[in-house]
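Visitor: Here you go, this is work-v8.tsv (TSV, C-alpha atoms).
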chain	number	residue	atom	x	y	z
A	1	MET	CA	-94.47	45.54	-3.18
A	2	LYS	CA	-90.74	45.65	-2.45
A	3	ASN	CA	-87.97	48.21	-2.62
A	4	PRO	CA	-85.36	47.89	-5.38
A	5	PRO	CA	-82.65	45.40	-4.24
A	6	ALA	CA	-79.91	47.99	-3.59
A	7	LEU	CA	-82.32	50.04	-1.48
A	8	GLU	CA	-83.50	46.92	0.37
A	9	GLN	CA	-79.85	46.07	1.06
A	10	LEU	CA	-79.26	49.55	2.47
A	11	VAL	CA	-82.32	49.23	4.73
A	12	GLU	CA	-81.04	45.87	5.95
A	13	SER	CA	-77.52	47.25	6.54
A	14	LEU	CA	-78.79	50.21	8.55
A	15	ARG	CA	-80.26	47.74	11.03
A	16	CYS	CA	-76.77	47.02	12.35
A	17	LEU	CA	-77.06	50.38	14.14
A	18	PRO	CA	-78.20	50.00	17.76
A	19	GLY	CA	-81.83	50.94	18.34
A	20	VAL	CA	-82.74	50.94	14.65
A	21	GLY	CA	-85.64	48.65	13.68
A	22	PRO	CA	-87.15	47.94	10.25
A	23	LYS	CA	-89.34	51.07	10.18
A	24	SER	CA	-86.63	53.56	11.12
A	25	ALA	CA	-84.10	51.84	8.86
A	26	GLN	CA	-86.46	52.37	5.94
A	27	ARG	CA	-87.07	55.97	6.96
A	28	MET	CA	-83.30	56.56	7.18
A	29	ALA	CA	-82.63	54.96	3.79
A	30	TYR	CA	-85.36	57.01	2.09
A	31	HIS	CA	-84.11	60.18	3.73
A	32	LEU	CA	-80.52	59.57	2.65
A	33	LEU	CA	-81.39	58.71	-0.95
A	34	GLN	CA	-83.93	61.43	-1.44
A	35	ARG	CA	-82.69	64.33	0.64
A	36	ASP	CA	-79.12	63.85	1.73
A	37	ARG	CA	-77.05	61.97	-0.83
A	38	LYS	CA	-74.06	64.08	0.16
A	39	GLY	CA	-74.49	63.08	3.80
A	40	ALA	CA	-74.84	59.42	2.80
A	41	ASN	CA	-71.61	59.62	0.83
A	42	GLY	CA	-69.89	61.32	3.77
A	43	LEU	CA	-71.13	58.58	6.07
A	44	ALA	CA	-69.78	55.84	3.78
A	45	ILE	CA	-66.39	57.55	3.70
A	46	ALA	CA	-66.34	58.16	7.47
A	47	LEU	CA	-67.19	54.50	8.13
A	48	ASP	CA	-64.41	53.30	5.82
A	49	ASN	CA	-61.91	55.70	7.33
A	50	ALA	CA	-62.81	54.96	10.96
A	51	LEU	CA	-62.62	51.19	10.34
A	52	GLN	CA	-59.16	51.67	8.90
A	53	VAL	CA	-57.59	54.04	11.40
A	54	VAL	CA	-59.40	53.58	14.73
A	55	ALA	CA	-58.17	50.70	16.88
A	56	HIS	CA	-57.74	50.17	20.61
A	57	CYS	CA	-54.94	51.66	22.72
A	58	ARG	CA	-52.49	48.87	23.61
A	59	SER	CA	-52.20	50.17	27.11
A	60	CYS	CA	-55.77	51.07	28.21
A	61	ASN	CA	-58.01	49.59	25.43
A	62	THR	CA	-59.85	52.83	24.66
A	63	PHE	CA	-60.36	53.93	21.04
A	64	SER	CA	-57.21	55.42	19.57
A	65	GLU	CA	-55.60	56.17	16.23
A	66	GLN	CA	-52.14	55.69	17.75
A	67	PRO	CA	-50.83	52.40	19.26
A	68	ILE	CA	-50.74	54.20	22.63
A	69	CYS	CA	-53.50	56.78	23.16
A	70	PRO	CA	-52.61	60.42	23.98
A	71	LEU	CA	-53.95	60.00	27.52
A	72	CYS	CA	-51.73	57.01	28.34
A	73	ALA	CA	-48.79	58.76	26.70
A	74	ALA	CA	-49.16	61.97	28.71
A	75	ASP	CA	-46.43	62.55	31.32
A	76	SER	CA	-48.72	64.86	33.27
A	77	ARG	CA	-51.01	62.04	34.45
A	78	ASP	CA	-50.53	60.37	37.83
A	79	GLN	CA	-49.05	56.97	36.89
A	80	SER	CA	-49.78	55.48	40.31
A	81	LEU	CA	-53.58	55.56	39.92
A	82	LEU	CA	-55.43	53.20	37.59
A	83	CYS	CA	-59.17	53.64	37.09
A	84	VAL	CA	-61.03	50.63	35.68
A	85	VAL	CA	-64.14	51.45	33.59
A	86	GLU	CA	-66.40	49.31	31.42
A	87	MET	CA	-66.52	51.35	28.22
A	88	PRO	CA	-64.71	54.15	26.36
A	89	THR	CA	-67.81	56.29	27.00
A	90	ASP	CA	-67.30	55.85	30.74
A	91	LEU	CA	-63.70	57.05	30.37
A	92	MET	CA	-64.94	60.13	28.53
A	93	MET	CA	-67.53	60.85	31.21
A	94	MET	CA	-64.90	60.52	33.92
A	95	GLU	CA	-62.50	62.82	32.05
A	96	ASN	CA	-65.24	65.40	31.63
A	97	THR	CA	-65.52	65.69	35.41
A	98	GLN	CA	-61.87	66.88	35.49
A	99	ALA	CA	-61.72	65.29	38.95
A	100	TYR	CA	-59.25	62.53	38.14
A	101	GLU	CA	-55.58	62.80	37.24
A	102	GLY	CA	-54.57	59.15	36.90
A	103	LEU	CA	-54.64	56.59	34.10
A	104	TYR	CA	-57.40	54.26	32.90
A	105	PHE	CA	-58.06	50.69	31.97
A	106	VAL	CA	-61.11	50.01	29.80
A	107	LEU	CA	-62.55	46.51	30.15
A	108	LEU	CA	-64.61	46.83	26.94
A	109	GLY	CA	-67.41	45.00	28.68
A	110	ARG	CA	-68.48	43.52	31.98
A	111	LEU	CA	-68.62	39.97	33.31
A	112	SER	CA	-71.77	38.34	32.01
A	113	PRO	CA	-71.48	34.53	31.97
A	114	LEU	CA	-74.88	34.11	30.32
A	115	ASP	CA	-73.69	36.14	27.33
A	116	GLY	CA	-70.39	34.26	27.21
A	117	VAL	CA	-68.40	37.17	28.63
A	118	GLY	CA	-65.85	35.79	31.07
A	119	PRO	CA	-62.60	37.13	32.62
A	120	LYS	CA	-60.74	36.62	29.33
A	121	GLU	CA	-63.17	38.69	27.25
A	122	ILE	CA	-62.73	41.70	29.54
A	123	HIS	CA	-58.92	41.48	29.39
A	124	LEU	CA	-58.33	40.73	33.08
A	125	ASP	CA	-54.93	39.10	32.43
A	126	LYS	CA	-53.76	42.37	30.95
A	127	LEU	CA	-55.25	44.35	33.84
A	128	ILE	CA	-53.48	42.21	36.46
A	129	LYS	CA	-50.17	42.50	34.63
A	130	ARG	CA	-50.64	46.24	34.41
A	131	ALA	CA	-51.60	46.55	38.10
A	132	GLN	CA	-48.47	44.62	39.11
A	133	ASP	CA	-46.03	46.75	37.09
A	134	GLY	CA	-44.67	48.33	40.31
A	135	ILE	CA	-45.82	51.81	39.33
A	136	VAL	CA	-49.57	51.47	39.97
A	137	GLN	CA	-50.34	51.95	43.67
A	138	GLU	CA	-54.14	51.88	43.64
A	139	VAL	CA	-56.77	50.43	41.31
A	140	ILE	CA	-60.05	52.35	41.38
A	141	LEU	CA	-63.02	50.26	40.26
A	142	ALA	CA	-65.42	52.53	38.36
A	143	THR	CA	-67.66	49.93	36.74
A	144	ASN	CA	-71.38	50.65	36.70
A	145	TYR	CA	-73.52	50.13	39.77
A	146	THR	CA	-75.64	47.60	37.92
A	147	VAL	CA	-75.78	43.93	38.94
A	148	GLU	CA	-73.24	42.94	36.30
A	149	GLY	CA	-70.99	45.96	36.81
A	150	ASP	CA	-70.97	45.38	40.54
A	151	ALA	CA	-70.20	41.67	40.16
A	152	THR	CA	-67.34	42.60	37.82
A	153	ALA	CA	-65.92	45.03	40.38
A	154	HIS	CA	-66.21	42.42	43.10
A	155	TYR	CA	-64.46	39.77	40.98
A	156	ILE	CA	-61.62	42.14	40.04
A	157	SER	CA	-61.14	43.33	43.61
A	158	GLU	CA	-60.79	39.69	44.80
A	159	LEU	CA	-58.18	39.03	42.10
A	160	LEU	CA	-56.17	42.14	42.92
A	161	ARG	CA	-56.35	41.97	46.68
A	162	SER	CA	-55.08	38.38	46.63
A	163	ARG	CA	-52.02	39.82	44.86
A	164	GLY	CA	-51.61	42.55	47.46
A	165	ILE	CA	-52.78	45.43	45.26
A	166	LYS	CA	-54.81	48.20	46.89
A	167	THR	CA	-58.27	48.54	45.34
A	168	SER	CA	-61.11	51.00	45.86
A	169	ARG	CA	-64.61	51.46	44.47
A	170	ILE	CA	-66.23	54.77	43.51
A	171	ALA	CA	-68.76	55.96	46.09
A	172	ARG	CA	-72.46	55.30	46.07
A	173	GLY	CA	-74.99	57.71	47.51
A	174	MET	CA	-77.30	60.64	46.82
A	175	PRO	CA	-76.78	62.37	43.46
A	176	MET	CA	-75.81	66.08	43.39
A	177	GLY	CA	-78.92	68.19	43.87
A	178	GLY	CA	-80.84	65.03	44.74
A	179	GLU	CA	-83.93	65.30	46.92
A	180	ILE	CA	-84.64	62.55	49.43
A	181	GLU	CA	-88.31	62.63	48.44
A	182	TYR	CA	-87.53	61.62	44.87
A	183	VAL	CA	-84.47	59.37	45.15
A	184	ASP	CA	-85.07	55.62	44.84
A	185	SER	CA	-85.06	53.63	48.07
A	186	GLY	CA	-82.05	51.48	47.08
A	187	THR	CA	-79.89	54.56	46.63
A	188	LEU	CA	-81.17	56.08	49.85
A	189	ALA	CA	-80.47	52.87	51.78
A	190	GLN	CA	-76.90	52.82	50.42
A	191	ALA	CA	-76.42	56.49	51.26
A	192	MET	CA	-77.50	55.72	54.80
A	193	MET	CA	-75.28	52.65	55.18
A	194	GLU	CA	-72.23	54.35	53.71
A	195	ARG	CA	-72.66	57.60	55.64
A	196	ARG	CA	-69.52	59.54	56.52
A	197	SER	CA	-68.78	61.27	59.80
A	198	VAL	CA	-68.88	65.06	59.60
A	199	LYS	CA	-65.61	66.64	60.65
B	1	MET	CA	-61.42	64.90	26.43
B	2	LYS	CA	-62.21	64.20	22.78
B	3	ASN	CA	-62.55	61.16	20.56
B	4	PRO	CA	-59.82	60.46	17.99
B	5	PRO	CA	-60.47	62.54	14.80
B	6	ALA	CA	-61.64	59.63	12.60
B	7	LEU	CA	-64.08	58.53	15.30
B	8	GLU	CA	-65.28	62.11	15.80
B	9	GLN	CA	-65.82	62.36	12.04
B	10	LEU	CA	-67.89	59.16	12.09
B	11	VAL	CA	-70.02	60.48	14.97
B	12	GLU	CA	-70.57	63.71	13.02
B	13	SER	CA	-71.44	61.82	9.81
B	14	LEU	CA	-73.98	59.60	11.58
B	15	ARG	CA	-75.93	62.72	12.46
B	16	CYS	CA	-77.11	63.00	8.85
B	17	LEU	CA	-79.51	60.17	9.74
B	18	PRO	CA	-82.97	61.44	10.68
B	19	GLY	CA	-83.70	61.36	14.41
B	20	VAL	CA	-80.06	60.82	15.41
B	21	GLY	CA	-78.66	63.40	17.84
B	22	PRO	CA	-75.14	63.72	19.30
B	23	LYS	CA	-75.65	61.13	22.05
B	24	SER	CA	-77.08	58.39	19.85
B	25	ALA	CA	-74.55	59.11	17.10
B	26	GLN	CA	-71.77	58.49	19.60
B	27	ARG	CA	-73.47	55.35	20.86
B	28	MET	CA	-73.81	54.09	17.28
B	29	ALA	CA	-70.19	54.86	16.40
B	30	TYR	CA	-68.90	53.10	19.53
B	31	HIS	CA	-71.14	50.13	18.87
B	32	LEU	CA	-69.98	49.80	15.26
B	33	LEU	CA	-66.27	50.10	16.05
B	34	GLN	CA	-66.32	47.88	19.09
B	35	ARG	CA	-68.90	45.23	18.36
B	36	ASP	CA	-69.89	45.23	14.72
B	37	ARG	CA	-67.06	46.15	12.38
B	38	LYS	CA	-68.45	43.71	9.83
B	39	GLY	CA	-71.82	45.48	9.96
B	40	ALA	CA	-70.13	48.86	9.63
B	41	ASN	CA	-68.27	47.68	6.55
B	42	GLY	CA	-71.49	46.26	5.10
B	43	LEU	CA	-73.21	49.59	5.72
B	44	ALA	CA	-70.45	51.53	3.95
B	45	ILE	CA	-70.72	49.22	0.94
B	46	ALA	CA	-74.53	49.34	0.89
B	47	LEU	CA	-74.46	53.15	1.02
B	48	ASP	CA	-72.00	53.34	-1.88
B	49	ASN	CA	-73.95	50.84	-3.92
B	50	ALA	CA	-77.36	52.42	-3.28
B	51	LEU	CA	-76.03	55.87	-4.17
B	52	GLN	CA	-74.75	54.48	-7.43
B	53	VAL	CA	-77.68	52.38	-8.61
B	54	VAL	CA	-80.83	53.79	-6.98
B	55	ALA	CA	-82.40	56.73	-8.80
B	56	HIS	CA	-85.95	57.89	-9.44
B	57	CYS	CA	-88.36	56.33	-11.96
B	58	ARG	CA	-88.73	58.71	-14.91
B	59	SER	CA	-92.42	58.09	-15.02
B	60	CYS	CA	-93.61	58.10	-11.38
B	61	ASN	CA	-90.57	59.41	-9.40
B	62	THR	CA	-90.40	56.51	-6.96
B	63	PHE	CA	-87.06	54.87	-6.15
B	64	SER	CA	-85.95	52.54	-8.92
B	65	GLU	CA	-82.86	50.86	-10.28
B	66	GLN	CA	-84.30	50.96	-13.80
B	67	PRO	CA	-85.18	54.15	-15.75
B	68	ILE	CA	-88.84	53.05	-15.58
B	69	CYS	CA	-89.81	51.20	-12.40
B	70	PRO	CA	-91.35	47.69	-12.60
B	71	LEU	CA	-94.71	49.04	-11.43
B	72	CYS	CA	-94.97	51.66	-14.21
B	73	ALA	CA	-93.75	49.08	-16.74
B	74	ALA	CA	-96.35	46.46	-15.77
B	75	ASP	CA	-99.08	45.89	-18.38
B	76	SER	CA	-101.40	44.49	-15.74
B	77	ARG	CA	-101.97	47.87	-14.05
B	78	ASP	CA	-104.95	50.04	-14.91
B	79	GLN	CA	-103.40	52.84	-16.99
B	80	SER	CA	-106.46	55.07	-16.62
B	81	LEU	CA	-106.01	55.65	-12.88
B	82	LEU	CA	-103.23	57.84	-11.48
B	83	CYS	CA	-102.75	58.01	-7.72
B	84	VAL	CA	-100.75	61.01	-6.45
B	85	VAL	CA	-98.80	60.41	-3.22
B	86	GLU	CA	-96.22	62.47	-1.36
B	87	MET	CA	-93.48	59.91	-0.77
B	88	PRO	CA	-92.24	56.51	-1.97
B	89	THR	CA	-93.23	55.17	1.47
B	90	ASP	CA	-96.82	56.22	0.80
B	91	LEU	CA	-96.75	54.31	-2.49
B	92	MET	CA	-95.52	51.22	-0.63
B	93	MET	CA	-98.25	51.56	2.00
B	94	MET	CA	-100.90	51.91	-0.70
B	95	GLU	CA	-99.56	48.86	-2.58
B	96	ASN	CA	-99.60	46.81	0.61
B	97	THR	CA	-103.36	47.34	0.87
B	98	GLN	CA	-103.75	45.51	-2.48
B	99	ALA	CA	-106.82	47.69	-3.00
B	100	TYR	CA	-105.51	49.71	-5.96
B	101	GLU	CA	-104.76	48.56	-9.48
B	102	GLY	CA	-103.73	51.81	-11.16
B	103	LEU	CA	-100.49	53.74	-11.54
B	104	TYR	CA	-98.81	56.26	-9.26
B	105	PHE	CA	-97.18	59.65	-9.28
B	106	VAL	CA	-94.86	60.46	-6.38
B	107	LEU	CA	-94.49	64.19	-5.65
B	108	LEU	CA	-91.37	63.64	-3.50
B	109	GLY	CA	-92.65	66.29	-1.12
B	110	ARG	CA	-95.58	68.57	-0.41
B	111	LEU	CA	-96.19	72.25	-1.00
B	112	SER	CA	-94.52	74.17	1.81
B	113	PRO	CA	-93.74	77.77	0.80
B	114	LEU	CA	-91.99	78.51	4.10
B	115	ASP	CA	-89.47	75.75	3.37
B	116	GLY	CA	-89.04	76.90	-0.22
B	117	VAL	CA	-91.04	73.99	-1.65
B	118	GLY	CA	-93.22	75.32	-4.48
B	119	PRO	CA	-95.05	73.71	-7.43
B	120	LYS	CA	-91.79	73.19	-9.30
B	121	GLU	CA	-90.12	71.25	-6.48
B	122	ILE	CA	-92.95	68.71	-6.37
B	123	HIS	CA	-92.84	68.17	-10.14
B	124	LEU	CA	-96.32	69.52	-10.95
B	125	ASP	CA	-95.42	70.28	-14.59
B	126	LYS	CA	-94.63	66.63	-15.08
B	127	LEU	CA	-97.82	65.58	-13.29
B	128	ILE	CA	-100.02	67.81	-15.48
B	129	LYS	CA	-98.36	66.53	-18.65
B	130	ARG	CA	-98.87	62.98	-17.46
B	131	ALA	CA	-102.50	63.58	-16.52
B	132	GLN	CA	-103.19	65.05	-19.98
B	133	ASP	CA	-101.69	62.13	-21.94
B	134	GLY	CA	-105.18	60.99	-23.00
B	135	ILE	CA	-104.87	57.66	-21.19
B	136	VAL	CA	-105.36	58.84	-17.60
B	137	GLN	CA	-109.06	59.24	-16.82
B	138	GLU	CA	-108.93	60.04	-13.12
B	139	VAL	CA	-106.31	61.47	-10.78
B	140	ILE	CA	-106.68	60.27	-7.18
B	141	LEU	CA	-105.11	62.63	-4.65
B	142	ALA	CA	-103.65	60.56	-1.83
B	143	THR	CA	-101.51	63.16	-0.10
B	144	ASN	CA	-101.54	63.16	3.71
B	145	TYR	CA	-104.41	64.69	5.65
B	146	THR	CA	-102.05	67.18	7.27
B	147	VAL	CA	-102.35	70.92	6.69
B	148	GLU	CA	-99.61	70.87	4.05
B	149	GLY	CA	-100.74	67.63	2.41
B	150	ASP	CA	-104.28	68.93	2.21
B	151	ALA	CA	-103.19	72.26	0.76
B	152	THR	CA	-101.15	70.38	-1.84
B	153	ALA	CA	-104.16	68.25	-2.81
B	154	HIS	CA	-106.30	71.36	-3.08
B	155	TYR	CA	-103.74	73.14	-5.26
B	156	ILE	CA	-103.34	70.16	-7.58
B	157	SER	CA	-107.09	69.61	-7.88
B	158	GLU	CA	-107.56	73.25	-8.95
B	159	LEU	CA	-104.84	72.89	-11.60
B	160	LEU	CA	-106.28	69.65	-12.97
B	161	ARG	CA	-109.94	70.59	-12.90
B	162	SER	CA	-109.23	73.79	-14.85
B	163	ARG	CA	-107.83	71.45	-17.51
B	164	GLY	CA	-110.91	69.25	-17.43
B	165	ILE	CA	-109.30	66.30	-15.69
B	166	LYS	CA	-111.38	64.34	-13.21
B	167	THR	CA	-109.87	64.36	-9.73
B	168	SER	CA	-110.79	62.66	-6.48
B	169	ARG	CA	-109.46	62.61	-2.92
B	170	ILE	CA	-109.10	59.56	-0.69
B	171	ALA	CA	-111.82	59.40	1.98
B	172	ARG	CA	-111.59	60.75	5.50
B	173	GLY	CA	-113.41	59.18	8.42
B	174	MET	CA	-113.23	56.68	11.25
B	175	PRO	CA	-110.31	54.23	11.12
B	176	MET	CA	-110.99	50.48	10.88
B	177	GLY	CA	-111.78	49.14	14.34
B	178	GLY	CA	-111.94	52.74	15.61
B	179	GLU	CA	-114.07	53.48	18.65
B	180	ILE	CA	-115.95	56.76	18.80
B	181	GLU	CA	-114.91	57.18	22.43
B	182	TYR	CA	-111.24	57.30	21.51
B	183	VAL	CA	-111.14	58.93	18.08
B	184	ASP	CA	-110.10	62.59	17.95
B	185	SER	CA	-112.87	65.14	17.51
B	186	GLY	CA	-111.57	66.44	14.16
B	187	THR	CA	-111.79	62.99	12.62
B	188	LEU	CA	-115.20	62.40	14.15
B	189	ALA	CA	-116.50	65.74	12.83
B	190	GLN	CA	-115.26	64.85	9.33
B	191	ALA	CA	-116.80	61.39	9.52
B	192	MET	CA	-120.11	63.04	10.41
B	193	MET	CA	-119.92	65.65	7.65
B	194	GLU	CA	-118.91	63.15	4.99
B	195	ARG	CA	-121.42	60.49	6.01
B	196	ARG	CA	-122.74	58.20	3.29
B	197	SER	CA	-126.30	57.04	2.84
B	198	VAL	CA	-126.87	53.38	3.67
B	199	LYS	CA	-128.29	51.43	0.76
Translate this structure into structure tokens?

Guide:
Amino acid sequence: MKNPPALEQLVESLRCLPGVGPKSAQRMAYHLLQRDRKGANGLAIALDNALQVVAHCRSCNTFSEQPICPLCAADSRDQSLLCVVEMPTDLMMMENTQAYEGLYFVLLGRLSPLDGVGPKEIHLDKLIKRAQDGIVQEVILATNYTVEGDATAHYISELLRSRGIKTSRIARGMPMGGEIEYVDSGTLAQAMMERRSVK
Amino acid sequence: MKNPPALEQLVESLRCLPGVGPKSAQRMAYHLLQRDRKGANGLAIALDNALQVVAHCRSCNTFSEQPICPLCAADSRDQSLLCVVEMPTDLMMMENTQAYEGLYFVLLGRLSPLDGVGPKEIHLDKLIKRAQDGIVQEVILATNYTVEGDATAHYISELLRSRGIKTSRIARGMPMGGEIEYVDSGTLAQAMMERRSVK
């Protein structure tokens, strides 16, 4: 027993969404066709529209409808600080903290030789050019503290320091409200090693 | 910090999918735009196409591209048996067992007065007409064994029996390979009450 071809095609197409397997794709397709045809139509339109108008900012690589995103174009930002993140989501998270006034550079990935992601794929040429523009004074590496994110930060810091550019890495340590009893031992060990003197 | 409008619209539109909240919608949108634009385009096309060509079978209500679905149109099926299920998925599951040769009627829902789903919304007029066509000899109620599915089966069986139509309900009991130690007590109690004599 099989679905009609157009329905089967929809189920198959829904599987391009991350985290959607055959069962949930079928559930989604049935839901859309039976209960939310308006939503399905809206989704088709939104997909078309987003594919047409959303591209990457030429300056920082984040998603943008303009060639240069509003954040890069803003005069109010501190042009001397450049924060390097892996993904547009990371940029958003950082912005939501309201603790950073500088500009960003989004790698759109992390070094991962096994997956064929090398320095070129994460736009390092562009980053180096940008960091050497004479305006940027410090590059802050805010890649994830995973093995790959850390290796990426290390690689970038080597590249930049050999060119005389000041680099820093966001701090590691106990999370806000964290209890020593429940924090993992790796984090606790780092928090101990990177302890700061109390003034 | 907000996404560009077209991206925000896509995130919002993805939330029409069942089980997709704000976080996963954003993850999906980012994934599509950054890593799978081809898939996103395919999804938009599949949605459009399915909305245009997939409708409900006039006879059994399941999804079909033809006015009468291939299953209802097949001569090989036993026309005297009519199996009532809640959803097209249930029909598919039943077909996959290869244990049933008759026809189906899909309610496209279950009685749920609190949600505004009454006898009309689950097409009971059509079901009664169908059951009284002189060809159908037995109506098998295969709604879920949930409170609502069971109430629906009860309601339908009352309607049909008052019209002299033979009705039956799929059996309840231990699942295949089920161990008494691990089965829930409701199921076990039912299996005990509905025990069959060994011949």

Visitor: Name the closest residue to Ala50 (chain B) among the candidates A:Met174, A:Leu7, A:Leu103, A:Ala142; distances are taken between atoms, counting only C-alpha atoms.

Guide: A:Leu7

Visitor: Hey, which of A:Cys72, A:Glu179, A:Leu91, A:Gly21 ends up closest to chain B? Count all atoms listed in the file.

Guide: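 The closest residue to chain B is A:Leu91.
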
Visitor: Which distance in Å separates CA of Asp184 (chain B) and CA of Val147 (chain B), to one decimal?

Guide: 16.0 Å

Visitor: Measuring between only C-alpha atoms, which one of B:Asn96, B:Asn41, B:Asn49, B:Gln132 shows the shortest distance to Cys16 (chain A)?

Guide: B:Asn41

Visitor: Over all Cα atoms in order, fit chain B to chain A and jot down the RMSD to one decimal place.

Guide: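 The fitted C-alpha deviation between chain A and chain B is 0.1 Å.
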
Visitor: Distance cut-off 12 Å, centre (-116.7, 61.9, 10.2) in file coordinates, counting all atoms listed in the file: which residues qualify? Return them as a PyMOL selection string.

Guide: chain B and resi 171-175+178+180+183-196

Visitor: What are the nearest atom pairs, with distances in Å to one decimal, for all residues of region 78-154 of chain B that come at most 12 Å from region 55-71 of chain B, using all atoms listed in the file, set out by chain and rising residue number as a tab-separated table?

Guide:
residue	atom	partner	partner_atom	distance
B:Asp78	CA	B:Leu71	CA	10.9
B:Gln79	CA	B:Leu71	CA	11.0
B:Leu82	CA	B:Cys60	CA	9.6
B:Cys83	CA	B:Cys60	CA	9.8
B:Val84	CA	B:Cys60	CA	9.2
B:Val85	CA	B:Cys60	CA	9.9
B:Glu86	CA	B:Thr62	CA	10.0
B:Met87	CA	B:Thr62	CA	7.7
B:Pro88	CA	B:Thr62	CA	5.3
B:Thr89	CA	B:Thr62	CA	9.0
B:Asp90	CA	B:Thr62	CA	10.1
B:Leu91	CA	B:Thr62	CA	8.1
B:Met92	CA	B:Thr62	CA	9.7
B:Glu95	CA	B:Leu71	CA	10.1
B:Glu101	CA	B:Leu71	CA	10.2
B:Gly102	CA	B:Leu71	CA	9.4
B:Leu103	CA	B:Leu71	CA	7.5
B:Tyr104	CA	B:Cys60	CA	5.9
B:Phe105	CA	B:Cys60	CA	4.4
B:Val106	CA	B:Asn61	CA	5.4
B:Leu107	CA	B:Asn61	CA	7.2
B:Leu108	CA	B:Asn61	CA	7.3
B:Gly109	CA	B:Asn61	CA	11.0
B:Ile122	CA	B:Asn61	CA	10.1
B:His123	CA	B:Asn61	CA	9.1
B:Leu124	CA	B:Asn61	CA	11.7
B:Lys126	CA	B:Ser59	CA	8.8
B:Leu127	CA	B:Cys60	CA	8.8
B:Lys129	CA	B:Ser59	CA	10.9
B:Arg130	CA	B:Ser59	CA	8.5
B:Ala131	CA	B:Ser59	CA	11.6

Visitor: Please, what distance in Å, to one decimal, runs between CA of Ser112 (chain A) and CA of Thr146 (chain A)?

Guide: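 Answer for the CA of Ser112 (chain A) to CA of Thr146 (chain A) separation: 11.6 Å.
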
Visitor: Can you give me N, CA and C atoms for region 184-195 of chain B, written as a compact mmCIF listing (two decimals), in the coordinates of the input?

Guide:
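Here's the written file rebuild38.txt:
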# COMPACT_ATOMS: atom_id res chain seq x y z
N ASP B 184 -110.17 61.16 17.69
CA ASP B 184 -110.10 62.59 17.95
C ASP B 184 -111.29 63.32 17.34
N SER B 185 -111.63 64.48 17.90
CA SER B 185 -112.87 65.14 17.51
C SER B 185 -112.85 65.65 16.08
N GLY B 186 -111.66 66.01 15.56
CA GLY B 186 -111.57 66.44 14.16
C GLY B 186 -111.98 65.34 13.21
N THR B 187 -111.46 64.14 13.46
CA THR B 187 -111.79 62.99 12.62
C THR B 187 -113.28 62.67 12.72
N LEU B 188 -113.79 62.73 13.94
CA LEU B 188 -115.20 62.40 14.15
C LEU B 188 -116.10 63.41 13.43
N ALA B 189 -115.73 64.70 13.52
CA ALA B 189 -116.50 65.74 12.83
C ALA B 189 -116.51 65.50 11.32
N GLN B 190 -115.33 65.14 10.76
CA GLN B 190 -115.26 64.85 9.33
C GLN B 190 -116.10 63.65 8.96
N ALA B 191 -116.04 62.61 9.80
CA ALA B 191 -116.80 61.39 9.52
C ALA B 191 -118.30 61.70 9.51
N MET B 192 -118.70 62.63 10.35
CA MET B 192 -120.11 63.04 10.41
C MET B 192 -120.47 63.83 9.15
N MET B 193 -119.63 64.81 8.82
CA MET B 193 -119.92 65.65 7.65
C MET B 193 -119.94 64.86 6.35
N GLU B 194 -119.03 63.90 6.25
CA GLU B 194 -118.91 63.15 4.99
C GLU B 194 -119.62 61.81 5.07
N ARG B 195 -120.67 61.75 5.85
CA ARG B 195 -121.42 60.49 6.01
C ARG B 195 -122.03 60.05 4.68
